[in-house]
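Listing of upload35.txt; format and content: compact mmCIF, C-alpha atoms and all ligand atoms.
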# COMPACT_ATOMS: atom_id res chain seq x y z
CA MET A 1 49.61 95.49 -138.55
CA THR A 2 48.01 96.89 -135.43
CA SER A 3 50.53 98.46 -133.08
CA ILE A 4 50.33 98.36 -129.31
CA PHE A 5 49.63 102.11 -129.45
CA SER A 6 46.64 101.53 -131.74
CA LYS A 7 45.31 99.13 -129.11
CA ILE A 8 45.68 101.88 -126.50
CA ILE A 9 43.91 104.34 -128.84
CA LYS A 10 41.04 101.83 -129.23
CA ARG A 11 40.99 101.30 -125.44
CA GLU A 12 41.77 97.62 -125.92
CA ILE A 13 44.62 97.92 -123.43
CA PRO A 14 44.82 100.42 -120.58
CA ALA A 15 47.03 103.49 -120.35
CA ASP A 16 47.23 106.61 -118.21
CA ILE A 17 45.77 109.01 -120.78
CA VAL A 18 46.46 112.72 -120.25
CA TYR A 19 45.14 114.24 -123.50
CA GLU A 20 43.02 113.34 -126.50
CA ASP A 21 41.68 115.14 -129.55
CA ASP A 22 40.49 114.15 -133.02
CA LEU A 23 43.98 113.44 -134.32
CA CYS A 24 46.08 112.22 -131.40
CA LEU A 25 46.20 110.60 -128.00
CA ALA A 26 48.77 111.21 -125.26
CA PHE A 27 49.51 108.93 -122.31
CA ARG A 28 52.23 108.30 -119.74
CA ASP A 29 55.15 106.12 -120.79
CA ILE A 30 55.16 102.81 -118.95
CA HIS A 31 58.94 103.16 -118.29
CA PRO A 32 59.34 106.88 -117.58
CA GLN A 33 62.74 108.48 -118.15
CA ALA A 34 61.72 111.71 -116.40
CA PRO A 35 59.10 112.70 -113.80
CA THR A 36 56.89 113.72 -116.73
CA HIS A 37 57.25 111.34 -119.68
CA ILE A 38 54.36 111.42 -122.12
CA LEU A 39 53.97 109.71 -125.48
CA VAL A 40 52.07 111.80 -128.04
CA VAL A 41 50.70 109.44 -130.68
CA PRO A 42 48.78 110.20 -133.89
CA LYS A 43 45.62 108.14 -134.29
CA LYS A 44 46.73 107.51 -137.85
CA GLU A 45 49.13 104.57 -137.79
CA ILE A 46 52.32 105.93 -139.38
CA PRO A 47 55.12 103.48 -138.48
CA ARG A 48 58.06 105.89 -138.49
CA LEU A 49 58.56 109.60 -138.99
CA SER A 50 60.31 108.72 -142.25
CA ASP A 51 57.08 107.07 -143.44
CA ALA A 52 55.18 110.35 -143.15
CA ALA A 53 54.14 111.93 -146.45
CA GLU A 54 53.40 115.45 -147.70
CA ALA A 55 49.75 114.75 -146.89
CA ASP A 56 50.73 114.38 -143.22
CA GLN A 57 52.12 117.92 -142.96
CA ALA A 58 49.20 119.30 -140.97
CA LEU A 59 49.13 116.23 -138.73
CA LEU A 60 52.84 116.59 -137.90
CA GLY A 61 52.34 120.25 -136.99
CA HIS A 62 49.32 119.30 -134.94
CA LEU A 63 51.40 116.83 -132.90
CA LEU A 64 53.89 119.56 -131.95
CA LEU A 65 51.16 122.00 -130.96
CA ALA A 66 49.38 119.27 -128.97
CA THR A 67 52.70 118.57 -127.23
CA ASN A 68 52.87 122.26 -126.26
CA LYS A 69 49.36 122.10 -124.90
CA ILE A 70 50.13 118.98 -122.87
CA ALA A 71 53.34 120.51 -121.49
CA ARG A 72 51.30 123.51 -120.31
CA GLN A 73 48.58 121.26 -118.90
CA LEU A 74 51.16 119.28 -116.90
CA GLY A 75 53.10 122.36 -115.76
CA VAL A 76 56.37 121.57 -117.54
CA ASP A 77 56.10 124.14 -120.35
CA ASP A 78 59.05 126.18 -119.05
CA ALA A 79 61.51 123.36 -119.86
CA PHE A 80 60.87 120.15 -121.70
CA ARG A 81 62.45 118.00 -124.35
CA VAL A 82 60.77 116.34 -127.36
CA VAL A 83 62.34 113.21 -128.84
CA ILE A 84 61.40 111.09 -131.85
CA SER A 85 63.32 107.88 -132.51
CA ASN A 86 63.17 106.81 -136.14
CA GLY A 87 64.12 103.20 -136.88
CA ALA A 88 65.46 100.35 -134.78
CA ASN A 89 69.06 101.60 -134.94
CA ALA A 90 67.89 104.91 -133.48
CA GLY A 91 66.25 103.07 -130.59
CA GLN A 92 62.68 102.93 -131.89
CA THR A 93 60.90 99.95 -130.34
CA VAL A 94 57.25 100.68 -131.14
CA PHE A 95 56.61 101.16 -134.85
CA HIS A 96 53.80 103.65 -134.54
CA LEU A 97 55.05 107.24 -134.72
CA HIS A 98 55.24 108.91 -131.32
CA LEU A 99 56.80 111.97 -129.73
CA HIS A 100 58.35 111.59 -126.30
CA LEU A 101 57.59 114.65 -124.14
CA LEU A 102 60.09 114.67 -121.27
CA GLY A 103 59.99 117.17 -118.42
CA GLY A 104 60.10 117.71 -114.70
CA ARG A 105 63.85 117.32 -114.35
CA ARG A 106 66.96 119.13 -115.49
CA PHE A 107 68.57 117.77 -118.64
CA ARG A 108 72.30 117.90 -119.22
CA GLU A 109 73.63 121.18 -120.49
CA GLY A 110 76.21 121.77 -123.18
CA GLY A 111 74.36 120.80 -126.31
CA LEU A 112 72.55 117.78 -127.56
CA ALA A 113 75.59 115.61 -128.37
CA ARG A 114 76.65 115.40 -124.73
CA SER A 115 73.22 114.23 -123.64
CA LEU A 116 72.92 111.33 -126.06
P1 LIG A 201 60.56 104.11 -128.63
O1 LIG A 201 61.59 103.23 -127.96
O2 LIG A 201 59.88 103.38 -129.77
O3 LIG A 201 61.03 105.47 -128.99
O4 LIG A 201 59.46 104.37 -127.53
C1 LIG A 201 58.51 103.45 -127.17
C2 LIG A 201 58.10 103.80 -125.77
O5 LIG A 201 56.87 103.16 -125.51
C3 LIG A 201 59.08 103.32 -124.70
O6 LIG A 201 59.55 104.44 -123.96
C4 LIG A 201 58.26 102.35 -123.86
O7 LIG A 201 58.55 102.46 -122.48
C5 LIG A 201 56.83 102.75 -124.18
N1 LIG A 201 55.87 101.66 -124.13
C6 LIG A 201 56.00 100.44 -124.73
N2 LIG A 201 54.89 99.70 -124.52
C7 LIG A 201 54.05 100.49 -123.79
C8 LIG A 201 52.74 100.27 -123.26
O8 LIG A 201 52.12 99.23 -123.44
N3 LIG A 201 52.18 101.29 -122.57
C9 LIG A 201 52.84 102.49 -122.37
N4 LIG A 201 52.19 103.42 -121.66
N5 LIG A 201 54.07 102.71 -122.85
C10 LIG A 201 54.68 101.73 -123.55

What do you get writing this file as structure tokens?
Ligand code: 5GP
Amino acid sequence: MTSIFSKIIKREIPADIVYEDDLCLAFRDIHPQAPTHILVVPKKEIPRLSDAAEADQALLGHLLLATNKIARQLGVDDAFRVVISNGANAGQTVFHLHLHLLGGRRFREGGLARSL
């Protein structure tokens, strides 16, 4: 099945694209949860992180390094958060793997549990 993110990758629907390379595309989330809220999406359509295989090892590393690059490009590299929701019960709504890059505001202190 073609995901909405694949349609963005194929330029069938518009998005505010901030970064692209051979393996991934990054664009602004339509409902931002922070001043900078970017979705980093592999061009390969992997539905969930848990669907990734050994063969995707380099791709998964690439997504993190691309996220670093984008954070630098957008000036939020000093403090940002990366979130992946895996599965509907974890809040995943689009079943095409994506990393949320969130920055530009202060996140709650005191550990992850208090911020969820
Ligand atoms: P999830 O809930 O699966 O972790 O994240 C999906 C994200 O995609 C949500 O934050 C949602 O706002 C965003 N989103 C859903 N549809 C679109 C769209 O058509 N364009 C953009 N730019 N973001 C979208």

### Residues near Ile30 (chain A), cut-off 10 Å, all atoms listed in the file, skip fewer than 5 positions along chain, as a list in words
Ala15, Asp16, His37, Ile38 and Leu39 of chain A

Compile a residue-level contact table for chain A against ligand LIG 201 (chain A) at a cut-off of 8 Å, reporting for every qualifying residue the shortest atom pair and its distance in Å to one decimal, with all atoms listed in the file counted, rows ordered by chain and ascending number, as a tab-separated table.
residue	atom	partner	partner_atom	distance
A:Ile4	CA	A:LIG201	O8	6.2
A:Phe5	CA	A:LIG201	O8	7.1
A:Ile8	CA	A:LIG201	O8	7.6
A:Ile13	CA	A:LIG201	O8	7.6
A:Pro14	CA	A:LIG201	N3	7.7
A:Ala15	CA	A:LIG201	N4	5.3
A:Asp16	CA	A:LIG201	N4	6.8
A:Phe27	CA	A:LIG201	N4	6.2
A:Arg28	CA	A:LIG201	N4	5.2
A:Asp29	CA	A:LIG201	N4	4.1
A:Ile30	CA	A:LIG201	N5	4.1
A:His31	CA	A:LIG201	O7	4.3
A:Pro32	CA	A:LIG201	O7	6.6
A:Gln33	CA	A:LIG201	O6	7.8
A:Leu39	CA	A:LIG201	O5	7.2
A:Val83	CA	A:LIG201	O3	7.9
A:Ile84	CA	A:LIG201	O3	6.3
A:Ser85	CA	A:LIG201	O3	4.8
A:Asn86	CA	A:LIG201	O3	7.6
A:Gly91	CA	A:LIG201	O1	5.4
A:Gln92	CA	A:LIG201	O2	3.5
A:Thr93	CA	A:LIG201	O2	3.6
A:Val94	CA	A:LIG201	O2	4.0
A:Phe95	CA	A:LIG201	O2	6.4
A:His96	CA	A:LIG201	O2	7.7
A:Leu97	CA	A:LIG201	O2	7.9
A:His98	CA	A:LIG201	O3	7.1
A:Leu99	CA	A:LIG201	O3	7.8
A:His100	CA	A:LIG201	O3	7.2

#### Entry: Within 7 Å of region 64-80 of chain A using only C-alpha atoms, minus same-chain residues under 3 positions, as a PyMOL selection string
chain A and resi 19+40+60-61+101-104

Give me the box for region 48-56 of chain A as AutoDock Vina command-line options, namely the centre and edge lengths in Å to one decimal of a box along x, y and z that holds every listed atom plus 3 Å on each side.
--center_x 55.0 --center_y 110.7 --center_z -143.1 --size_x 16.6 --size_y 15.6 --size_z 15.2

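Ranking A:Ala90, A:Arg105, A:Leu59, A:Asp21 by their shortest atom-to-atom distance to Ile46 (chain A), with only C-alpha atoms included, puts A:Leu59 first.
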
### Query
When distances are computed from only C-alpha atoms, which of A:Asp56, A:Lys43, A:Cys24, A:Ser50 shows the smallest separation from Thr2 (chain A)?
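Under the stated criterion, the closest residue is A:Lys43.
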
### Query
Do you have the CA of Thr36 (chain A)-CA of Asp51 (chain A) distance handy?
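Here the two named atoms are 27.5 Å from each other.
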
### Query
Of the residues A:Glu45, A:Ala55, A:Asp22, A:Arg106, which is the one nearest to Lys7 (chain A), using only C-alpha atoms?
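Between A:Glu45, A:Ala55, A:Asp22, A:Arg106, the residue approaching Lys7 (chain A) most closely is A:Glu45.
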
### Interatomic distance, CA of Gly87 (chain A) to CA of Arg48 (chain A) (Å, one decimal)
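If I compute the distance from CA of Gly87 (chain A) to CA of Arg48 (chain A), I get 6.8 Å.
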
### Task
Pick out the closest residue to Lys44 (chain A) from this set: A:Gln57, A:Ser6, A:Glu12, A:Arg81. Count all atoms listed in the file.
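Selected residue with least distance to Lys44 (chain A): A:Ser6.
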